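Structure first, then comments.
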Amino acid sequence: MEAAADREQSLPLDTVRGCLAETEALGIRTVFLSGGEPFLYPQFDSVLEAVTGRSFHAVLCTNGTRIGAPAATAVRLSGASVQVSIDGDEGYHDAFRGMKGAFLRTEQGVHELVRAGVEVSLVTTVCRDNLTMLPWIARWAAGVGIARLSVQPLQALGRGAAIAERRLTEDEVCGLYLSLSDLAVAYRDRGLRFSLAYRPKEYLLEHPCAAYVCNGERCHRGVKKEIKTLIVREDGTVLPEVPTLDPRFALGNVRQGTLVELVQNYFRYRYADFHELCRTAFFETVPAWHSPIVPWDEILSARSWTFELKRRSELCQLASC
């Protein structure tokens, strides 16, 4: 989410392989390979080999501009699916990406993947500039063989912070939700499914565990401690749930220990901090949120940077740290 041309950090191949090897022990069912652009990773062929035959399902998150027939075949042989980003029609997409010809290159990459038999889903970042383009995007997606269209409203996270003034209003997000419902009905028989990244307020209030806050108190599954998603950043930092969370809440770094060790130690020593952050952010915002759709990850990320870690401060004083 913070990719830029001048950023050169990347995970060593041995670290990537090591993380992938631990997925079964952690019960991980889906692994997203993202960036930046995964197909720019110099040893990406080796990464595809490392995900082949695993117990998890791999999803490659890409702009699709570097996928020819050989790459599409390699993806199919690995068993991975692909998530491609398209933000609007050719003119808008090229302008938003800052690269003329980007749309046509992505379109060609999608055609290669579909011809190779790879399942392709589409992610569209929606702001005020392209909100009216959704019907066009749906027609395009259905026409090229896309399986799912996932809509992500622009958030003030990562590079999105620089264009935060283009974000949808709460009323526009509600209208977007209704539009997606209508499109889902219209394209039901054509096999195109739709999803929205935000969560309904009613569901969050009924199931706080969807916001990582109940942990046994109201959880219908009786879970005491839980992390649903691990994010391994390009510098090795491992975060729970949200890739733009304040690193104070990190599990650690994969250069310091295995993923299994980091998770075990986090649950044992530091999970209470993350739990308290989630509970505080939840009860500060969700019950009073006047829109039926809640941008929970954006709320949690923003709150993490201002949250006071009182419990850890007390522990540090006792340990003279």
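Naming scheme: A, B, ... for chains in displayed order of the structure tokens; residues 1 onward per chain; ligands 1 onward as shown.
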| task | List the neighbours of range 286-302 of chain A out to 10 Å using only C-alpha atoms; skip same-chain residues closer than 6 positions along the sequence, and give me the result as a PyMOL selection string. | result | chain A and resi 153-157+169-171+173-174+177+196-205+208+210-211+241-246+277-280
| query | Which of range 47-198 of chain A counts as alpha helix (DSSP H) under DSSP, as an NGL selection string please? | reply | :A and (47-51 or 69-78 or 90-97 or 102-116 or 134-144 or 170-186)
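Reported to one decimal place, the separation of CA of Val114 in chain A from CA of Ala186 in chain A is 22.3 Å.
When only C-alpha atoms are used to compute distances to Gly175 in chain A, the closest of the residues A:Thr132, A:Gln256, A:Thr62, A:Asn265 turns out to be A:Thr132.
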| field | Computed interatomic separation between CA of Asp189 in chain A and CA of Ala116 in chain A (Å) | value | 23.2 Å
Find the residues near Arg17 in chain A: any atom within 12 Å, counting only C-alpha atoms, skip ones fewer than 5 places away on the same chain, and give them as a PDB file with all heavy atoms, in the first residue's frame.
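Below is the file result.pdb, written as the result:
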```
ATOM      1  N   LEU A  11      11.705  -8.980   0.704  1.00  0.00           N
ATOM      2  CA  LEU A  11      12.012 -10.135   1.550  1.00  0.00           C
ATOM      3  C   LEU A  11      12.951 -11.085   0.821  1.00  0.00           C
ATOM      4  O   LEU A  11      12.708 -11.418  -0.347  1.00  0.00           O
ATOM      5  CB  LEU A  11      10.721 -10.868   1.912  1.00  0.00           C
ATOM      6  CG  LEU A  11       9.772 -10.138   2.856  1.00  0.00           C
ATOM      7  CD1 LEU A  11       8.424 -10.848   2.899  1.00  0.00           C
ATOM      8  CD2 LEU A  11      10.369 -10.059   4.254  1.00  0.00           C
ATOM      9  N   PRO A  12      13.994 -11.571   1.471  1.00  0.00           N
ATOM     10  CA  PRO A  12      14.855 -12.576   0.846  1.00  0.00           C
ATOM     11  C   PRO A  12      14.066 -13.841   0.539  1.00  0.00           C
ATOM     12  O   PRO A  12      13.116 -14.192   1.254  1.00  0.00           O
ATOM     13  CB  PRO A  12      15.918 -12.842   1.919  1.00  0.00           C
ATOM     14  CG  PRO A  12      15.864 -11.660   2.833  1.00  0.00           C
ATOM     15  CD  PRO A  12      14.447 -11.192   2.818  1.00  0.00           C
ATOM     16  N   GLU A  22       5.685 -22.644   7.104  1.00  0.00           N
ATOM     17  CA  GLU A  22       5.047 -22.653   8.424  1.00  0.00           C
ATOM     18  C   GLU A  22       3.530 -22.520   8.369  1.00  0.00           C
ATOM     19  O   GLU A  22       2.870 -22.567   9.408  1.00  0.00           O
ATOM     20  CB  GLU A  22       5.605 -21.520   9.268  1.00  0.00           C
ATOM     21  CG  GLU A  22       7.072 -21.664   9.612  1.00  0.00           C
ATOM     22  CD  GLU A  22       7.517 -20.541  10.508  1.00  0.00           C
ATOM     23  OE1 GLU A  22       7.294 -20.637  11.729  1.00  0.00           O
ATOM     24  OE2 GLU A  22       8.057 -19.546   9.988  1.00  0.00           O
ATOM     25  N   THR A  23       2.984 -22.360   7.198  1.00  0.00           N
ATOM     26  CA  THR A  23       1.546 -22.080   7.095  1.00  0.00           C
ATOM     27  C   THR A  23       0.682 -23.191   7.673  1.00  0.00           C
ATOM     28  O   THR A  23      -0.323 -22.933   8.327  1.00  0.00           O
ATOM     29  CB  THR A  23       1.154 -21.848   5.629  1.00  0.00           C
ATOM     30  OG1 THR A  23       1.594 -22.966   4.845  1.00  0.00           O
ATOM     31  CG2 THR A  23       1.770 -20.572   5.095  1.00  0.00           C
ATOM     32  N   GLN A  43      13.068 -13.411  -8.082  1.00  0.00           N
ATOM     33  CA  GLN A  43      13.000 -14.869  -7.956  1.00  0.00           C
ATOM     34  C   GLN A  43      11.560 -15.349  -7.818  1.00  0.00           C
ATOM     35  O   GLN A  43      11.275 -16.309  -7.123  1.00  0.00           O
ATOM     36  CB  GLN A  43      13.838 -15.309  -6.747  1.00  0.00           C
ATOM     37  CG  GLN A  43      15.316 -14.962  -6.880  1.00  0.00           C
ATOM     38  CD  GLN A  43      16.032 -14.965  -5.552  1.00  0.00           C
ATOM     39  OE1 GLN A  43      15.676 -14.234  -4.623  1.00  0.00           O
ATOM     40  NE2 GLN A  43      17.047 -15.802  -5.444  1.00  0.00           N
ATOM     41  N   PHE A  44      10.648 -14.684  -8.545  1.00  0.00           N
ATOM     42  CA  PHE A  44       9.235 -15.011  -8.379  1.00  0.00           C
ATOM     43  C   PHE A  44       8.916 -16.424  -8.878  1.00  0.00           C
ATOM     44  O   PHE A  44       8.007 -17.071  -8.358  1.00  0.00           O
ATOM     45  CB  PHE A  44       8.361 -13.991  -9.100  1.00  0.00           C
ATOM     46  CG  PHE A  44       6.910 -14.075  -8.701  1.00  0.00           C
ATOM     47  CD1 PHE A  44       6.522 -13.892  -7.383  1.00  0.00           C
ATOM     48  CD2 PHE A  44       5.927 -14.354  -9.636  1.00  0.00           C
ATOM     49  CE1 PHE A  44       5.195 -13.977  -6.996  1.00  0.00           C
ATOM     50  CE2 PHE A  44       4.589 -14.441  -9.264  1.00  0.00           C
ATOM     51  CZ  PHE A  44       4.226 -14.245  -7.944  1.00  0.00           C
ATOM     52  N   SER A  46      10.661 -18.987  -8.328  1.00  0.00           N
ATOM     53  CA  SER A  46      10.933 -19.846  -7.171  1.00  0.00           C
ATOM     54  C   SER A  46       9.836 -19.736  -6.132  1.00  0.00           C
ATOM     55  O   SER A  46       9.518 -20.713  -5.440  1.00  0.00           O
ATOM     56  CB  SER A  46      12.283 -19.472  -6.540  1.00  0.00           C
ATOM     57  OG  SER A  46      13.345 -19.696  -7.457  1.00  0.00           O
ATOM     58  N   VAL A  47       9.229 -18.552  -6.011  1.00  0.00           N
ATOM     59  CA  VAL A  47       8.114 -18.387  -5.090  1.00  0.00           C
ATOM     60  C   VAL A  47       6.926 -19.215  -5.567  1.00  0.00           C
ATOM     61  O   VAL A  47       6.251 -19.882  -4.772  1.00  0.00           O
ATOM     62  CB  VAL A  47       7.722 -16.899  -4.958  1.00  0.00           C
ATOM     63  CG1 VAL A  47       6.489 -16.747  -4.073  1.00  0.00           C
ATOM     64  CG2 VAL A  47       8.880 -16.094  -4.383  1.00  0.00           C
ATOM     65  N   LEU A  48       6.652 -19.198  -6.871  1.00  0.00           N
ATOM     66  CA  LEU A  48       5.562 -20.014  -7.409  1.00  0.00           C
ATOM     67  C   LEU A  48       5.812 -21.500  -7.146  1.00  0.00           C
ATOM     68  O   LEU A  48       4.883 -22.247  -6.825  1.00  0.00           O
ATOM     69  CB  LEU A  48       5.404 -19.763  -8.913  1.00  0.00           C
ATOM     70  CG  LEU A  48       4.789 -18.426  -9.321  1.00  0.00           C
ATOM     71  CD1 LEU A  48       4.707 -18.330 -10.840  1.00  0.00           C
ATOM     72  CD2 LEU A  48       3.402 -18.252  -8.711  1.00  0.00           C
ATOM     73  N   GLU A  49       7.052 -21.908  -7.273  1.00  0.00           N
ATOM     74  CA  GLU A  49       7.380 -23.308  -6.954  1.00  0.00           C
ATOM     75  C   GLU A  49       7.111 -23.598  -5.481  1.00  0.00           C
ATOM     76  O   GLU A  49       6.641 -24.684  -5.121  1.00  0.00           O
ATOM     77  CB  GLU A  49       8.851 -23.581  -7.271  1.00  0.00           C
ATOM     78  CG  GLU A  49       9.187 -23.562  -8.764  1.00  0.00           C
ATOM     79  CD  GLU A  49      10.670 -23.752  -9.009  1.00  0.00           C
ATOM     80  OE1 GLU A  49      11.407 -24.005  -8.019  1.00  0.00           O
ATOM     81  OE2 GLU A  49      11.099 -23.640 -10.167  1.00  0.00           O
ATOM     82  N   ALA A  50       7.375 -22.619  -4.620  1.00  0.00           N
ATOM     83  CA  ALA A  50       7.211 -22.819  -3.176  1.00  0.00           C
ATOM     84  C   ALA A  50       5.751 -22.902  -2.752  1.00  0.00           C
ATOM     85  O   ALA A  50       5.453 -23.475  -1.699  1.00  0.00           O
ATOM     86  CB  ALA A  50       7.913 -21.701  -2.406  1.00  0.00           C
ATOM     87  N   VAL A  51       4.828 -22.331  -3.540  1.00  0.00           N
ATOM     88  CA  VAL A  51       3.411 -22.407  -3.172  1.00  0.00           C
ATOM     89  C   VAL A  51       2.722 -23.615  -3.809  1.00  0.00           C
ATOM     90  O   VAL A  51       1.590 -23.944  -3.439  1.00  0.00           O
ATOM     91  CB  VAL A  51       2.645 -21.121  -3.569  1.00  0.00           C
ATOM     92  CG1 VAL A  51       3.299 -19.898  -2.954  1.00  0.00           C
ATOM     93  CG2 VAL A  51       2.531 -20.971  -5.081  1.00  0.00           C
ATOM     94  N   THR A  52       3.390 -24.257  -4.737  1.00  0.00           N
ATOM     95  CA  THR A  52       2.791 -25.389  -5.429  1.00  0.00           C
ATOM     96  C   THR A  52       2.632 -26.582  -4.497  1.00  0.00           C
ATOM     97  O   THR A  52       3.566 -26.964  -3.786  1.00  0.00           O
ATOM     98  CB  THR A  52       3.654 -25.809  -6.639  1.00  0.00           C
ATOM     99  OG1 THR A  52       3.836 -24.681  -7.503  1.00  0.00           O
ATOM    100  CG2 THR A  52       2.997 -26.941  -7.416  1.00  0.00           C
ATOM    101  N   ARG A  54       0.891 -26.874  -1.771  1.00  0.00           N
ATOM    102  CA  ARG A  54       0.713 -26.577  -0.348  1.00  0.00           C
ATOM    103  C   ARG A  54      -0.738 -26.792   0.075  1.00  0.00           C
ATOM    104  O   ARG A  54      -1.644 -26.906  -0.757  1.00  0.00           O
ATOM    105  CB  ARG A  54       1.100 -25.134  -0.068  1.00  0.00           C
ATOM    106  CG  ARG A  54       2.569 -24.823  -0.303  1.00  0.00           C
ATOM    107  CD  ARG A  54       3.432 -25.374   0.809  1.00  0.00           C
ATOM    108  NE  ARG A  54       4.820 -24.941   0.664  1.00  0.00           N
ATOM    109  CZ  ARG A  54       5.787 -25.296   1.477  1.00  0.00           C
ATOM    110  NH1 ARG A  54       5.537 -26.076   2.512  1.00  0.00           N
ATOM    111  NH2 ARG A  54       7.021 -24.874   1.280  1.00  0.00           N
ATOM    112  N   VAL A 254      10.387 -11.354  11.068  1.00  0.00           N
ATOM    113  CA  VAL A 254      10.725 -12.725  10.687  1.00  0.00           C
ATOM    114  C   VAL A 254      12.231 -12.955  10.663  1.00  0.00           C
ATOM    115  O   VAL A 254      12.674 -14.106  10.567  1.00  0.00           O
ATOM    116  CB  VAL A 254      10.126 -13.090   9.313  1.00  0.00           C
ATOM    117  CG1 VAL A 254       8.621 -13.252   9.408  1.00  0.00           C
ATOM    118  CG2 VAL A 254      10.481 -12.050   8.251  1.00  0.00           C
ATOM    119  N   THR A 258      10.913 -17.537  13.840  1.00  0.00           N
ATOM    120  CA  THR A 258       9.942 -18.099  12.908  1.00  0.00           C
ATOM    121  C   THR A 258       8.574 -17.489  13.156  1.00  0.00           C
ATOM    122  O   THR A 258       8.302 -16.922  14.220  1.00  0.00           O
ATOM    123  CB  THR A 258       9.848 -19.620  13.070  1.00  0.00           C
ATOM    124  OG1 THR A 258       9.287 -19.917  14.363  1.00  0.00           O
ATOM    125  CG2 THR A 258      11.224 -20.272  12.950  1.00  0.00           C
ATOM    126  N   LEU A 259       7.691 -17.620  12.170  1.00  0.00           N
ATOM    127  CA  LEU A 259       6.326 -17.131  12.340  1.00  0.00           C
ATOM    128  C   LEU A 259       5.640 -17.811  13.517  1.00  0.00           C
ATOM    129  O   LEU A 259       4.922 -17.172  14.290  1.00  0.00           O
ATOM    130  CB  LEU A 259       5.516 -17.363  11.061  1.00  0.00           C
ATOM    131  CG  LEU A 259       5.645 -16.336   9.942  1.00  0.00           C
ATOM    132  CD1 LEU A 259       4.750 -16.727   8.776  1.00  0.00           C
ATOM    133  CD2 LEU A 259       5.291 -14.943  10.431  1.00  0.00           C
TER     134      LEU A 259
END
```
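Excluding Arg76 in chain A and any residue on its chain fewer than 4 positions from it, the residues at most 7 Å away by only C-alpha atoms are Ala72, Ala80, Ala116, Gly117 and Val118 of chain A.
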| What lies within 12 Å of Glu261 in chain A using only C-alpha atoms, ignoring chain neighbours under 2 positions off, as an MDAnalysis selection string? | chainID A and resid 19 22 25:26 238 251:259 263:269
With C-alpha atoms retained, could you export that selection as a PDB file, in the first residue's frame?
```pdb
ATOM      1  CA  CYS A  19       7.176 -18.374   6.050  1.00  0.00           C
ATOM      2  CA  GLU A  22       5.047 -22.653   8.424  1.00  0.00           C
ATOM      3  CA  ALA A  25       1.397 -25.343  11.527  1.00  0.00           C
ATOM      4  CA  LEU A  26      -0.429 -22.003  11.858  1.00  0.00           C
ATOM      5  CA  VAL A 238       4.806  -9.041  11.012  1.00  0.00           C
ATOM      6  CA  LEU A 251       4.394  -9.494  16.440  1.00  0.00           C
ATOM      7  CA  GLY A 252       8.057  -8.900  15.682  1.00  0.00           C
ATOM      8  CA  ASN A 253      10.215  -9.495  12.634  1.00  0.00           C
ATOM      9  CA  VAL A 254      10.725 -12.725  10.687  1.00  0.00           C
ATOM     10  CA  ARG A 255      14.452 -12.066  10.884  1.00  0.00           C
ATOM     11  CA  GLN A 256      14.164 -12.485  14.671  1.00  0.00           C
ATOM     12  CA  GLY A 257      12.338 -15.806  14.718  1.00  0.00           C
ATOM     13  CA  THR A 258       9.942 -18.099  12.908  1.00  0.00           C
ATOM     14  CA  LEU A 259       6.326 -17.131  12.340  1.00  0.00           C
ATOM     15  CA  VAL A 263       2.683 -15.913  17.118  1.00  0.00           C
ATOM     16  CA  GLN A 264       3.241 -17.961  20.260  1.00  0.00           C
ATOM     17  CA  ASN A 265       5.164 -15.161  21.986  1.00  0.00           C
ATOM     18  CA  TYR A 266       2.603 -12.565  20.904  1.00  0.00           C
ATOM     19  CA  PHE A 267      -0.270 -14.506  22.408  1.00  0.00           C
ATOM     20  CA  ARG A 268       1.753 -15.097  25.563  1.00  0.00           C
ATOM     21  CA  TYR A 269       3.172 -11.613  26.202  1.00  0.00           C
TER      22      TYR A 269
END
```
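Omitting Pro70 in chain A and its sequence neighbours fewer than 4 positions away, and counting only C-alpha atoms, the residues within 12 Å are Asp45, Arg66, Ala74, Val75, Arg76, Leu77, Gly109, Glu112, Leu113, Arg115 and Ala116 of chain A.
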| request: Once DSSP has gone over the backbone, tell me which residues of range 178-217 of chain A are in strand (DSSP E or B), as a ChimeraX atom specification. | output: /A:193-196,199-200
Writing out the chosen residues with all heavy atoms as a PDB file, in the first residue's frame:
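Listing of part_12.pdb after writing:
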```pdb
ATOM      1  N   ARG A 193     -19.473 -12.461  -9.336  1.00  0.00           N
ATOM      2  CA  ARG A 193     -19.860 -12.154  -7.964  1.00  0.00           C
ATOM      3  C   ARG A 193     -19.258 -10.817  -7.532  1.00  0.00           C
ATOM      4  O   ARG A 193     -18.242 -10.384  -8.076  1.00  0.00           O
ATOM      5  CB  ARG A 193     -19.389 -13.266  -7.032  1.00  0.00           C
ATOM      6  CG  ARG A 193     -20.069 -14.617  -7.284  1.00  0.00           C
ATOM      7  CD  ARG A 193     -19.284 -15.752  -6.666  1.00  0.00           C
ATOM      8  NE  ARG A 193     -18.040 -15.967  -7.381  1.00  0.00           N
ATOM      9  CZ  ARG A 193     -17.034 -16.700  -6.924  1.00  0.00           C
ATOM     10  NH1 ARG A 193     -17.116 -17.271  -5.733  1.00  0.00           N
ATOM     11  NH2 ARG A 193     -15.936 -16.857  -7.642  1.00  0.00           N
ATOM     12  N   PHE A 194     -19.873 -10.209  -6.523  1.00  0.00           N
ATOM     13  CA  PHE A 194     -19.454  -8.879  -6.065  1.00  0.00           C
ATOM     14  C   PHE A 194     -19.243  -8.898  -4.562  1.00  0.00           C
ATOM     15  O   PHE A 194     -19.925  -9.624  -3.834  1.00  0.00           O
ATOM     16  CB  PHE A 194     -20.523  -7.827  -6.413  1.00  0.00           C
ATOM     17  CG  PHE A 194     -20.736  -7.628  -7.886  1.00  0.00           C
ATOM     18  CD1 PHE A 194     -21.546  -8.494  -8.606  1.00  0.00           C
ATOM     19  CD2 PHE A 194     -20.117  -6.586  -8.561  1.00  0.00           C
ATOM     20  CE1 PHE A 194     -21.744  -8.323  -9.964  1.00  0.00           C
ATOM     21  CE2 PHE A 194     -20.318  -6.403  -9.916  1.00  0.00           C
ATOM     22  CZ  PHE A 194     -21.125  -7.266 -10.619  1.00  0.00           C
ATOM     23  N   SER A 195     -18.316  -8.056  -4.095  1.00  0.00           N
ATOM     24  CA  SER A 195     -18.110  -7.907  -2.655  1.00  0.00           C
ATOM     25  C   SER A 195     -17.622  -6.495  -2.365  1.00  0.00           C
ATOM     26  O   SER A 195     -17.034  -5.831  -3.227  1.00  0.00           O
ATOM     27  CB  SER A 195     -17.102  -8.928  -2.124  1.00  0.00           C
ATOM     28  OG  SER A 195     -15.833  -8.757  -2.738  1.00  0.00           O
ATOM     29  N   LEU A 196     -17.871  -6.045  -1.123  1.00  0.00           N
ATOM     30  CA  LEU A 196     -17.459  -4.720  -0.664  1.00  0.00           C
ATOM     31  C   LEU A 196     -16.544  -4.890   0.536  1.00  0.00           C
ATOM     32  O   LEU A 196     -16.841  -5.666   1.448  1.00  0.00           O
ATOM     33  CB  LEU A 196     -18.690  -3.884  -0.290  1.00  0.00           C
ATOM     34  CG  LEU A 196     -18.435  -2.462   0.228  1.00  0.00           C
ATOM     35  CD1 LEU A 196     -17.805  -1.594  -0.857  1.00  0.00           C
ATOM     36  CD2 LEU A 196     -19.743  -1.831   0.714  1.00  0.00           C
ATOM     37  N   ARG A 199     -17.568  -3.321   6.271  1.00  0.00           N
ATOM     38  CA  ARG A 199     -18.423  -4.251   7.003  1.00  0.00           C
ATOM     39  C   ARG A 199     -19.706  -3.560   7.463  1.00  0.00           C
ATOM     40  O   ARG A 199     -19.672  -2.397   7.863  1.00  0.00           O
ATOM     41  CB  ARG A 199     -17.680  -4.801   8.223  1.00  0.00           C
ATOM     42  CG  ARG A 199     -16.432  -5.615   7.868  1.00  0.00           C
ATOM     43  CD  ARG A 199     -15.827  -6.185   9.129  1.00  0.00           C
ATOM     44  NE  ARG A 199     -14.708  -7.057   8.819  1.00  0.00           N
ATOM     45  CZ  ARG A 199     -13.433  -6.723   8.980  1.00  0.00           C
ATOM     46  NH1 ARG A 199     -13.129  -5.529   9.438  1.00  0.00           N
ATOM     47  NH2 ARG A 199     -12.465  -7.566   8.681  1.00  0.00           N
ATOM     48  N   PRO A 200     -20.831  -4.279   7.466  1.00  0.00           N
ATOM     49  CA  PRO A 200     -22.076  -3.686   7.973  1.00  0.00           C
ATOM     50  C   PRO A 200     -21.996  -3.445   9.479  1.00  0.00           C
ATOM     51  O   PRO A 200     -21.528  -4.300  10.240  1.00  0.00           O
ATOM     52  CB  PRO A 200     -23.132  -4.747   7.650  1.00  0.00           C
ATOM     53  CG  PRO A 200     -22.525  -5.608   6.594  1.00  0.00           C
ATOM     54  CD  PRO A 200     -21.048  -5.604   6.863  1.00  0.00           C
TER      55      PRO A 200
END
```
